[in-house]
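Printed here is entry34.json (JSON, C-alpha atoms):
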[["chain", "number", "residue", "atom", "x", "y", "z"],
["H", 1, "MET", "CA", -19.06, -25.53, -18.41],
["H", 2, "THR", "CA", -18.71, -22.34, -16.41],
["H", 3, "SER", "CA", -17.89, -23.07, -12.82],
["H", 4, "THR", "CA", -19.83, -21.39, -10.07],
["H", 5, "HIS", "CA", -17.92, -18.90, -8.00],
["H", 6, "PHE", "CA", -19.06, -17.27, -4.81],
["H", 7, "ALA", "CA", -18.79, -13.54, -4.29],
["H", 8, "PRO", "CA", -16.30, -12.18, -1.75],
["H", 9, "ARG", "CA", -17.77, -10.78, 1.45],
["H", 10, "GLY", "CA", -19.06, -7.22, 1.14],
["H", 11, "SER", "CA", -20.24, -4.68, 3.68],
["H", 12, "ARG", "CA", -22.49, -5.69, 6.53],
["H", 13, "ASP", "CA", -25.48, -4.16, 4.77],
["H", 14, "ASP", "CA", -24.54, -6.04, 1.63],
["H", 15, "ILE", "CA", -24.32, -9.30, 3.53],
["H", 16, "GLU", "CA", -27.55, -8.85, 5.45],
["H", 17, "GLU", "CA", -29.84, -7.09, 3.01],
["H", 18, "GLY", "CA", -28.23, -7.65, -0.36],
["H", 19, "HIS", "CA", -29.06, -10.03, -3.15],
["H", 20, "THR", "CA", -25.55, -11.37, -3.64],
["H", 21, "PHE", "CA", -24.75, -14.77, -2.24],
["H", 22, "GLN", "CA", -21.59, -14.34, -0.15],
["H", 23, "PRO", "CA", -21.35, -17.47, 1.96],
["H", 24, "ARG", "CA", -18.87, -17.30, 4.81],
["H", 25, "PHE", "CA", -16.73, -20.38, 5.09],
["H", 26, "ASP", "CA", -15.01, -20.84, 8.45],
["H", 27, "SER", "CA", -11.27, -21.28, 9.02],
["H", 28, "ASP", "CA", -11.60, -24.91, 7.87],
["H", 29, "GLY", "CA", -13.34, -23.75, 4.69],
["H", 30, "LEU", "CA", -16.74, -25.04, 5.83],
["H", 31, "ILE", "CA", -20.26, -23.71, 6.26],
["H", 32, "VAL", "CA", -22.88, -25.44, 8.38],
["H", 33, "CYS", "CA", -25.98, -26.75, 6.62],
["H", 34, "ILE", "CA", -29.26, -27.78, 8.25],
["H", 35, "THR", "CA", -31.16, -30.27, 6.16],
["H", 36, "CYS", "CA", -34.93, -30.44, 6.55],
["H", 37, "GLU", "CA", -37.51, -32.77, 5.07],
["H", 38, "VAL", "CA", -39.53, -30.65, 2.64],
["H", 39, "HIS", "CA", -43.00, -31.91, 3.51],
["H", 40, "THR", "CA", -42.79, -32.03, 7.31],
["H", 41, "GLY", "CA", -40.13, -29.37, 7.85],
["H", 42, "ASP", "CA", -38.45, -31.76, 10.32],
["H", 43, "ILE", "CA", -34.71, -31.42, 10.70],
["H", 44, "LEU", "CA", -33.09, -34.55, 9.30],
["H", 45, "MET", "CA", -29.42, -33.77, 9.87],
["H", 46, "VAL", "CA", -26.76, -31.13, 10.30],
["H", 47, "ALA", "CA", -23.71, -31.35, 8.08],
["H", 48, "TYR", "CA", -21.04, -29.16, 6.53],
["H", 49, "MET", "CA", -20.29, -28.01, 3.01],
["H", 50, "ASN", "CA", -17.09, -26.66, 1.57],
["H", 51, "ALA", "CA", -17.12, -24.44, -1.52],
["H", 52, "GLU", "CA", -16.95, -27.43, -3.84],
["H", 53, "SER", "CA", -19.83, -29.32, -2.24],
["H", 54, "LEU", "CA", -21.94, -26.15, -2.14],
["H", 55, "ARG", "CA", -21.19, -25.53, -5.81],
["H", 56, "LEU", "CA", -22.08, -29.13, -6.71],
["H", 57, "THR", "CA", -25.27, -28.93, -4.65],
["H", 58, "LEU", "CA", -26.36, -25.82, -6.54],
["H", 59, "GLU", "CA", -25.33, -27.14, -9.94],
["H", 60, "THR", "CA", -26.87, -30.60, -9.63],
["H", 61, "GLY", "CA", -29.76, -29.99, -7.24],
["H", 62, "ILE", "CA", -28.54, -32.97, -5.20],
["H", 63, "ALA", "CA", -27.13, -32.46, -1.69],
["H", 64, "HIS", "CA", -23.35, -32.75, -1.46],
["H", 65, "TYR", "CA", -21.49, -32.32, 1.81],
["H", 66, "TRP", "CA", -17.98, -32.38, 3.15],
["H", 67, "SER", "CA", -17.37, -35.23, 5.54],
["H", 68, "ARG", "CA", -15.26, -33.93, 8.40],
["H", 69, "SER", "CA", -14.56, -37.44, 9.71],
["H", 70, "ARG", "CA", -13.50, -38.83, 6.33],
["H", 71, "GLN", "CA", -12.14, -35.48, 5.05],
["H", 72, "SER", "CA", -13.76, -36.01, 1.68],
["H", 73, "LEU", "CA", -16.51, -34.83, -0.59],
["H", 74, "TRP", "CA", -19.66, -36.75, 0.12],
["H", 75, "ARG", "CA", -22.69, -36.99, -2.12],
["H", 76, "LYS", "CA", -25.35, -38.13, 0.32],
["H", 77, "GLY", "CA", -26.89, -41.38, -0.88],
["H", 78, "ASP", "CA", -24.03, -42.61, -3.04],
["H", 79, "THR", "CA", -23.73, -45.77, -0.97],
["H", 80, "SER", "CA", -27.09, -45.80, 0.84],
["H", 81, "GLY", "CA", -29.40, -44.71, -1.99],
["H", 82, "GLN", "CA", -30.75, -42.00, 0.30],
["H", 83, "THR", "CA", -30.10, -39.20, -2.16],
["H", 84, "GLN", "CA", -31.45, -35.79, -1.23],
["H", 85, "ARG", "CA", -33.06, -33.66, -3.93],
["H", 86, "VAL", "CA", -32.83, -30.01, -2.93],
["H", 87, "VAL", "CA", -36.15, -28.20, -3.26],
["H", 88, "GLU", "CA", -35.06, -24.97, -1.63],
["H", 89, "MET", "CA", -31.91, -23.44, -0.16],
["H", 90, "ARG", "CA", -31.91, -20.58, 2.33],
["H", 91, "VAL", "CA", -29.12, -18.58, 3.94],
["H", 92, "ASP", "CA", -29.15, -16.75, 7.25],
["H", 93, "CYS", "CA", -28.64, -13.07, 8.00],
["H", 94, "ASP", "CA", -24.85, -13.10, 8.23],
["H", 95, "GLN", "CA", -24.53, -15.79, 5.56],
["H", 96, "ASP", "CA", -22.66, -18.29, 7.68],
["H", 97, "ALA", "CA", -25.38, -20.96, 7.84],
["H", 98, "LEU", "CA", -27.45, -22.68, 5.17],
["H", 99, "GLN", "CA", -30.76, -24.44, 5.34],
["H", 100, "ILE", "CA", -31.88, -26.84, 2.63],
["H", 101, "ARG", "CA", -35.26, -28.46, 2.24],
["H", 102, "VAL", "CA", -34.96, -31.82, 0.58],
["H", 103, "GLU", "CA", -36.98, -34.63, -0.88],
["H", 104, "ALA", "CA", -35.38, -37.69, 0.69],
["H", 105, "GLY", "CA", -34.77, -40.58, -1.70],
["H", 106, "GLY", "CA", -34.38, -44.30, -0.99],
["H", 107, "ASP", "CA", -36.05, -45.32, 2.24],
["H", 108, "GLY", "CA", -35.98, -41.68, 3.41],
["H", 109, "LYS", "CA", -33.63, -42.38, 6.28],
["H", 110, "ALA", "CA", -31.07, -39.61, 6.64],
["H", 111, "CYS", "CA", -29.23, -40.95, 9.68],
["H", 112, "HIS", "CA", -26.49, -43.55, 9.43],
["H", 113, "THR", "CA", -28.04, -45.28, 12.47],
["H", 114, "GLY", "CA", -31.00, -46.22, 10.27],
["H", 115, "ARG", "CA", -33.35, -43.55, 11.53],
["H", 116, "ARG", "CA", -35.19, -40.94, 9.51],
["H", 117, "SER", "CA", -33.61, -38.05, 11.45],
["H", 118, "CYS", "CA", -30.35, -37.74, 13.37],
["H", 119, "PHE", "CA", -32.22, -35.93, 16.17],
["H", 120, "TYR", "CA", -33.85, -39.02, 17.68],
["H", 121, "ARG", "CA", -33.02, -38.25, 21.31],
["H", 122, "ARG", "CA", -34.40, -35.70, 23.71],
["H", 123, "VAL", "CA", -32.19, -34.23, 26.41],
["H", 124, "GLU", "CA", -33.94, -34.52, 29.79],
["H", 125, "PHE", "CA", -32.65, -32.46, 32.65],
["H", 126, "ALA", "CA", -33.32, -33.04, 36.34],
["H", 127, "GLY", "CA", -31.29, -32.42, 39.46],
["H", 128, "ALA", "CA", -28.18, -31.19, 37.68],
["H", 129, "VAL", "CA", -28.10, -34.32, 35.50],
["H", 130, "ALA", "CA", -28.83, -34.38, 31.79],
["H", 131, "SER", "CA", -29.82, -37.71, 30.28],
["H", 132, "LEU", "CA", -31.07, -38.81, 26.88],
["H", 133, "VAL", "CA", -34.38, -40.37, 25.96],
["H", 134, "ILE", "CA", -34.75, -42.09, 22.62],
["H", 135, "ASP", "CA", -37.83, -40.81, 20.91],
["H", 136, "PRO", "CA", -38.64, -42.91, 17.86],
["H", 137, "ASP", "CA", -40.68, -41.00, 15.31],
["G", 138, "MET", "CA", -25.96, -25.45, 44.13],
["G", 139, "THR", "CA", -24.45, -28.41, 42.32],
["G", 140, "SER", "CA", -23.13, -27.39, 38.97],
["G", 141, "THR", "CA", -23.98, -29.41, 35.90],
["G", 142, "HIS", "CA", -21.13, -31.34, 34.36],
["G", 143, "PHE", "CA", -21.18, -33.11, 31.05],
["G", 144, "ALA", "CA", -19.93, -36.66, 30.69],
["G", 145, "PRO", "CA", -16.70, -37.33, 28.79],
["G", 146, "ARG", "CA", -17.09, -38.95, 25.39],
["G", 147, "GLY", "CA", -17.56, -42.71, 25.52],
["G", 148, "SER", "CA", -17.52, -45.40, 22.84],
["G", 149, "ARG", "CA", -19.27, -44.87, 19.54],
["G", 150, "ASP", "CA", -22.15, -47.10, 20.66],
["G", 151, "ASP", "CA", -22.38, -45.13, 23.89],
["G", 152, "ILE", "CA", -22.50, -41.86, 21.99],
["G", 153, "GLU", "CA", -25.05, -42.99, 19.42],
["G", 154, "GLU", "CA", -27.34, -45.30, 21.35],
["G", 155, "GLY", "CA", -26.66, -44.49, 24.99],
["G", 156, "HIS", "CA", -28.61, -42.40, 27.46],
["G", 157, "THR", "CA", -25.70, -40.31, 28.67],
["G", 158, "PHE", "CA", -25.43, -36.77, 27.39],
["G", 159, "GLN", "CA", -21.88, -36.42, 26.03],
["G", 160, "PRO", "CA", -21.92, -33.25, 23.95],
["G", 161, "ARG", "CA", -18.91, -32.79, 21.71],
["G", 162, "PHE", "CA", -17.52, -29.28, 21.81],
["G", 163, "ASP", "CA", -15.26, -28.35, 18.91],
["G", 164, "SER", "CA", -11.70, -27.05, 19.14],
["G", 165, "ASP", "CA", -13.12, -23.63, 20.09],
["G", 166, "GLY", "CA", -15.19, -25.23, 22.85],
["G", 167, "LEU", "CA", -18.46, -24.74, 20.96],
["G", 168, "ILE", "CA", -21.39, -26.84, 19.82],
["G", 169, "VAL", "CA", -23.82, -25.70, 17.13],
["G", 170, "CYS", "CA", -27.45, -25.19, 18.14],
["G", 171, "ILE", "CA", -30.44, -24.91, 15.83],
["G", 172, "THR", "CA", -33.28, -22.98, 17.39],
["G", 173, "CYS", "CA", -36.82, -23.68, 16.20],
["G", 174, "GLU", "CA", -40.12, -22.05, 17.01],
["G", 175, "VAL", "CA", -42.06, -24.63, 19.01],
["G", 176, "HIS", "CA", -45.47, -24.20, 17.38],
["G", 177, "THR", "CA", -44.48, -23.92, 13.72],
["G", 178, "GLY", "CA", -41.21, -25.89, 13.82],
["G", 179, "ASP", "CA", -39.63, -23.11, 11.73],
["G", 180, "ILE", "CA", -35.93, -22.57, 12.16],
["G", 181, "LEU", "CA", -35.42, -19.20, 13.79],
["G", 182, "MET", "CA", -31.64, -19.08, 14.04],
["G", 183, "VAL", "CA", -28.41, -21.02, 14.28],
["G", 184, "ALA", "CA", -26.05, -20.16, 17.10],
["G", 185, "TYR", "CA", -23.34, -21.72, 19.25],
["G", 186, "MET", "CA", -23.12, -22.75, 22.88],
["G", 187, "ASN", "CA", -20.08, -23.35, 25.02],
["G", 188, "ALA", "CA", -20.27, -25.60, 28.08],
["G", 189, "GLU", "CA", -21.30, -22.72, 30.30],
["G", 190, "SER", "CA", -24.12, -21.50, 28.06],
["G", 191, "LEU", "CA", -25.37, -25.07, 27.60],
["G", 192, "ARG", "CA", -25.31, -25.59, 31.36],
["G", 193, "LEU", "CA", -27.19, -22.32, 31.95],
["G", 194, "THR", "CA", -29.73, -23.20, 29.26],
["G", 195, "LEU", "CA", -30.44, -26.53, 30.95],
["G", 196, "GLU", "CA", -30.51, -25.09, 34.46],
["G", 197, "THR", "CA", -32.70, -22.07, 33.73],
["G", 198, "GLY", "CA", -34.78, -23.27, 30.78],
["G", 199, "ILE", "CA", -33.88, -20.02, 28.98],
["G", 200, "ALA", "CA", -31.66, -20.13, 25.88],
["G", 201, "HIS", "CA", -28.09, -18.96, 26.46],
["G", 202, "TYR", "CA", -25.53, -18.87, 23.68],
["G", 203, "TRP", "CA", -21.92, -17.95, 23.13],
["G", 204, "SER", "CA", -21.49, -14.97, 20.86],
["G", 205, "ARG", "CA", -18.56, -15.68, 18.56],
["G", 206, "SER", "CA", -18.43, -12.07, 17.33],
["G", 207, "ARG", "CA", -18.47, -10.57, 20.83],
["G", 208, "GLN", "CA", -16.69, -13.53, 22.46],
["G", 209, "SER", "CA", -19.08, -13.47, 25.39],
["G", 210, "LEU", "CA", -21.91, -15.32, 27.04],
["G", 211, "TRP", "CA", -25.19, -14.16, 25.62],
["G", 212, "ARG", "CA", -28.60, -14.69, 27.14],
["G", 213, "LYS", "CA", -30.85, -14.14, 24.16],
["G", 214, "GLY", "CA", -33.34, -11.37, 24.90],
["G", 215, "ASP", "CA", -31.38, -9.57, 27.60],
["G", 216, "THR", "CA", -31.38, -6.37, 25.57],
["G", 217, "SER", "CA", -34.18, -7.07, 23.06],
["G", 218, "GLY", "CA", -36.73, -8.75, 25.36],
["G", 219, "GLN", "CA", -36.87, -11.64, 22.89],
["G", 220, "THR", "CA", -36.16, -14.27, 25.53],
["G", 221, "GLN", "CA", -36.43, -17.89, 24.39],
["G", 222, "ARG", "CA", -38.05, -20.38, 26.75],
["G", 223, "VAL", "CA", -36.78, -23.85, 25.91],
["G", 224, "VAL", "CA", -39.57, -26.38, 25.57],
["G", 225, "GLU", "CA", -37.42, -29.24, 24.29],
["G", 226, "MET", "CA", -33.77, -29.95, 23.58],
["G", 227, "ARG", "CA", -32.56, -32.67, 21.22],
["G", 228, "VAL", "CA", -29.12, -33.92, 20.30],
["G", 229, "ASP", "CA", -28.00, -35.63, 17.11],
["G", 230, "CYS", "CA", -26.49, -39.08, 16.59],
["G", 231, "ASP", "CA", -22.85, -38.15, 17.19],
["G", 232, "GLN", "CA", -23.78, -35.54, 19.78],
["G", 233, "ASP", "CA", -22.10, -32.62, 18.06],
["G", 234, "ALA", "CA", -25.27, -30.66, 17.25],
["G", 235, "LEU", "CA", -28.21, -29.53, 19.35],
["G", 236, "GLN", "CA", -31.73, -28.58, 18.43],
["G", 237, "ILE", "CA", -33.93, -26.57, 20.77],
["G", 238, "ARG", "CA", -37.61, -25.80, 20.38],
["G", 239, "VAL", "CA", -38.45, -22.50, 21.98],
["G", 240, "GLU", "CA", -41.34, -20.27, 22.89],
["G", 241, "ALA", "CA", -40.19, -16.88, 21.63],
["G", 242, "GLY", "CA", -40.80, -14.00, 24.02],
["G", 243, "GLY", "CA", -41.14, -10.27, 23.34],
["G", 244, "ASP", "CA", -42.25, -9.57, 19.79],
["G", 245, "GLY", "CA", -41.11, -13.06, 18.75],
["G", 246, "LYS", "CA", -38.39, -11.77, 16.43],
["G", 247, "ALA", "CA", -35.26, -13.86, 16.70],
["G", 248, "CYS", "CA", -33.16, -12.06, 14.10],
["G", 249, "HIS", "CA", -31.22, -8.89, 14.86],
["G", 250, "THR", "CA", -32.43, -7.49, 11.52],
["G", 251, "GLY", "CA", -35.93, -7.33, 13.00],
["G", 252, "ARG", "CA", -37.26, -10.44, 11.32],
["G", 253, "ARG", "CA", -38.84, -13.47, 12.96],
["G", 254, "SER", "CA", -36.26, -15.85, 11.50],
["G", 255, "CYS", "CA", -32.68, -15.36, 10.33],
["G", 256, "PHE", "CA", -33.43, -17.46, 7.24],
["G", 257, "TYR", "CA", -35.38, -14.81, 5.35],
["G", 258, "ARG", "CA", -33.61, -15.27, 2.00],
["G", 259, "ARG", "CA", -33.80, -17.99, -0.57],
["G", 260, "VAL", "CA", -30.79, -18.84, -2.72],
["G", 261, "GLU", "CA", -31.80, -18.89, -6.37],
["G", 262, "PHE", "CA", -29.47, -20.51, -8.84],
["G", 263, "ALA", "CA", -29.45, -20.00, -12.60],
["G", 264, "GLY", "CA", -26.69, -20.05, -15.20],
["G", 265, "ALA", "CA", -23.84, -20.57, -12.75],
["G", 266, "VAL", "CA", -24.95, -17.57, -10.68],
["G", 267, "ALA", "CA", -26.48, -17.78, -7.23],
["G", 268, "SER", "CA", -28.51, -14.82, -6.04],
["G", 269, "LEU", "CA", -30.69, -14.12, -3.02],
["G", 270, "VAL", "CA", -34.40, -13.39, -2.89],
["G", 271, "ILE", "CA", -35.86, -11.89, 0.26],
["G", 272, "ASP", "CA", -38.86, -13.92, 1.27],
["G", 273, "PRO", "CA", -40.79, -12.13, 4.02],
["G", 274, "ASP", "CA", -42.82, -14.55, 6.10]]
Show me, as structure tokens, the structure contained in the file I just sent.
Amino acid sequence: MTSTHFAPRGSRDDIEEGHTFQPRFDSDGLIVCITCEVHTGDILMVAYMNAESLRLTLETGIAHYWSRSRQSLWRKGDTSGQTQRVVEMRVDCDQDALQIRVEAGGDGKACHTGRRSCFYRRVEFAGAVASLVIDPD
Amino acid sequence: MTSTHFAPRGSRDDIEEGHTFQPRFDSDGLIVCITCEVHTGDILMVAYMNAESLRLTLETGIAHYWSRSRQSLWRKGDTSGQTQRVVEMRVDCDQDALQIRVEAGGDGKACHTGRRSCFYRRVEFAGAVASLVIDPD
């Protein structure tokens, strides 16, 4: 099987207007990925991919990430059953952020706290104090 | 005027289930922020905030970021007129990612390439090759 390679970074015009995928990995070898639920568009989670997890995501159509806390490749759903089937991937203008739209498997809960989305709290701000309000969906 | 301070990081339970805002800034002092259009929910851009830009965003209700390329505080719209009024801010489970929903000012274009969203390209994958398709909205 031919392994997927990513193109080196080209000119600014190439990066912004071109048709070549030239993802920029940061100094830790990671690129940020925003994962959205395909039907609602809601953001489920934010995670990181290294070149290997991005390659595996593209090749298998199943979301793979790099766990920064565990420092290991992480196929979402391997233990929880909450596999994410990638319906669409997008990249931003300077190719240093990805967005994927996924069909969430299992019980559809993306967050390890047992919630559908990791963004379950609103930040409220009053009188120089920011506090959090849990907003169940 | 009392300046906004952010709480130090507490226990895991505190961070995940508590009501205290304890944003985690990375080793560069930054936290990732996903900016969505309030009416459509579409992701407009991904950017970073340092403590000062987060504080200014909360205090003024106008999105402020930290420009990594220019290494400077950046009030979105100062030169373009595309100011972003923050309608809601959310934080994720481990408090290392923010989501803001904004009302986009000016012509509503968030991307410096003149597009509404920075995510104007889809990644297509076939035969071990990933290529980009521009998808005007």
ask   = Between H:Glu17, H:Asp107, H:Glu59, H:Glu124, which is the closest to Val91 (chain H) once you count only C-alpha atoms?
value = H:Glu17
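If you look at CA of Gly18 (chain H) and CA of Cys255 (chain G), they are 13.9 Å away from each other.
Using all atoms listed in the file for every distance, the candidate list H:Thr20, H:Gln95, H:Gln84, H:Thr4 yields H:Thr20 as the residue closest to Val270 (chain G).
Remark: for Asp151 (chain G), the closest of the candidate residues G:Val223, G:Cys230, G:Cys170, G:Ala184 is G:Cys230 (distances computed over all atoms listed in the file).
Between chain H and the residues G:Ile199, G:Met226, G:Ala188, G:Ala263, the shortest atom-to-atom distance, using all atoms listed in the file, involves G:Met226.
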query = Do you know which residues are at most 12 Å from Met45 (chain H) counting only C-alpha atoms, after dropping those on the same chain fewer than 6 positions away, and could you put them as a ChimeraX atom specification?
reply = /H:32-37,63,65,76,84,99-102,104,109-113,115-120 /G:171,227-236
Counting all atoms listed in the file, what is within 9 Å of Gly242 (chain G), bar same-chain residues fewer than 4 positions away, as a PDB file with C-alpha atoms, in the frame of the given file?
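Generated output (result.pdb):
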ATOM      1  CA  GLY G 214     -33.340 -11.370  24.900  1.00  0.00           C
ATOM      2  CA  GLY G 218     -36.730  -8.750  25.360  1.00  0.00           C
ATOM      3  CA  GLN G 219     -36.870 -11.640  22.890  1.00  0.00           C
ATOM      4  CA  THR G 220     -36.160 -14.270  25.530  1.00  0.00           C
ATOM      5  CA  GLN G 221     -36.430 -17.890  24.390  1.00  0.00           C
ATOM      6  CA  ARG G 222     -38.050 -20.380  26.750  1.00  0.00           C
ATOM      7  CA  LYS G 246     -38.390 -11.770  16.430  1.00  0.00           C
TER       8      LYS G 246
END
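From CA of Ile31 (chain H) back to CA of Leu167 (chain G), the distance works out to 14.8 Å.
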ask   = Mind pulling up the distance from CA of Gly114 (chain H) to CA of Val129 (chain H)?
value = 28.0 Å
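Proximity to chain H was assessed for G:Gly147, G:Tyr185, G:His156, G:Gly198 counting all atoms listed in the file; the smallest distance is recorded for G:His156.
Nearest to Leu54 (chain H) of all the residues G:Arg258, G:Ala267, G:Glu153, G:Trp203 is G:Ala267, counting all atoms listed in the file.
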Using the incomplete input, complete region 152-167 of chain G to the level of N, CA and C atoms; output as a short mmCIF file (atom, residue, chain, number, x, y, z; two decimals), in the frame of the given file.
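So out_19.cif came out as:
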data_model
loop_
_atom_site.label_atom_id
_atom_site.label_comp_id
_atom_site.auth_asym_id
_atom_site.auth_seq_id
_atom_site.Cartn_x
_atom_site.Cartn_y
_atom_site.Cartn_z
N ILE G 152 -22.15 -43.18 22.50
CA ILE G 152 -22.50 -41.86 21.99
C ILE G 152 -23.79 -41.92 21.18
N GLU G 153 -23.92 -42.95 20.35
CA GLU G 153 -25.05 -42.99 19.42
C GLU G 153 -26.32 -43.61 19.99
N GLU G 154 -26.15 -44.58 20.87
CA GLU G 154 -27.34 -45.30 21.35
C GLU G 154 -27.55 -45.18 22.87
N GLY G 155 -26.59 -44.55 23.54
CA GLY G 155 -26.66 -44.49 24.99
C GLY G 155 -27.59 -43.40 25.51
N HIS G 156 -27.72 -43.37 26.81
CA HIS G 156 -28.61 -42.40 27.46
C HIS G 156 -27.83 -41.33 28.21
N THR G 157 -26.53 -41.32 28.01
CA THR G 157 -25.70 -40.31 28.67
C THR G 157 -25.44 -39.16 27.71
N PHE G 158 -25.66 -37.97 28.20
CA PHE G 158 -25.43 -36.77 27.39
C PHE G 158 -23.93 -36.49 27.39
N GLN G 159 -23.33 -36.60 26.19
CA GLN G 159 -21.88 -36.42 26.03
C GLN G 159 -21.62 -35.44 24.90
N PRO G 160 -22.05 -34.19 25.06
CA PRO G 160 -21.92 -33.25 23.95
C PRO G 160 -20.47 -33.08 23.52
N ARG G 161 -20.27 -33.01 22.22
CA ARG G 161 -18.91 -32.79 21.71
C ARG G 161 -18.74 -31.31 21.37
N PHE G 162 -17.87 -30.67 22.09
CA PHE G 162 -17.52 -29.28 21.81
C PHE G 162 -16.33 -29.29 20.86
N ASP G 163 -16.33 -28.37 19.91
CA ASP G 163 -15.26 -28.35 18.91
C ASP G 163 -13.98 -27.74 19.49
N SER G 164 -13.00 -27.52 18.64
CA SER G 164 -11.70 -27.05 19.14
C SER G 164 -11.80 -25.65 19.76
N ASP G 165 -12.89 -24.92 19.44
CA ASP G 165 -13.12 -23.63 20.09
C ASP G 165 -14.00 -23.77 21.33
N GLY G 166 -14.35 -25.01 21.67
CA GLY G 166 -15.19 -25.23 22.85
C GLY G 166 -16.67 -25.00 22.58
N LEU G 167 -17.07 -25.08 21.32
CA LEU G 167 -18.46 -24.74 20.96
C LEU G 167 -19.20 -25.91 20.33
#
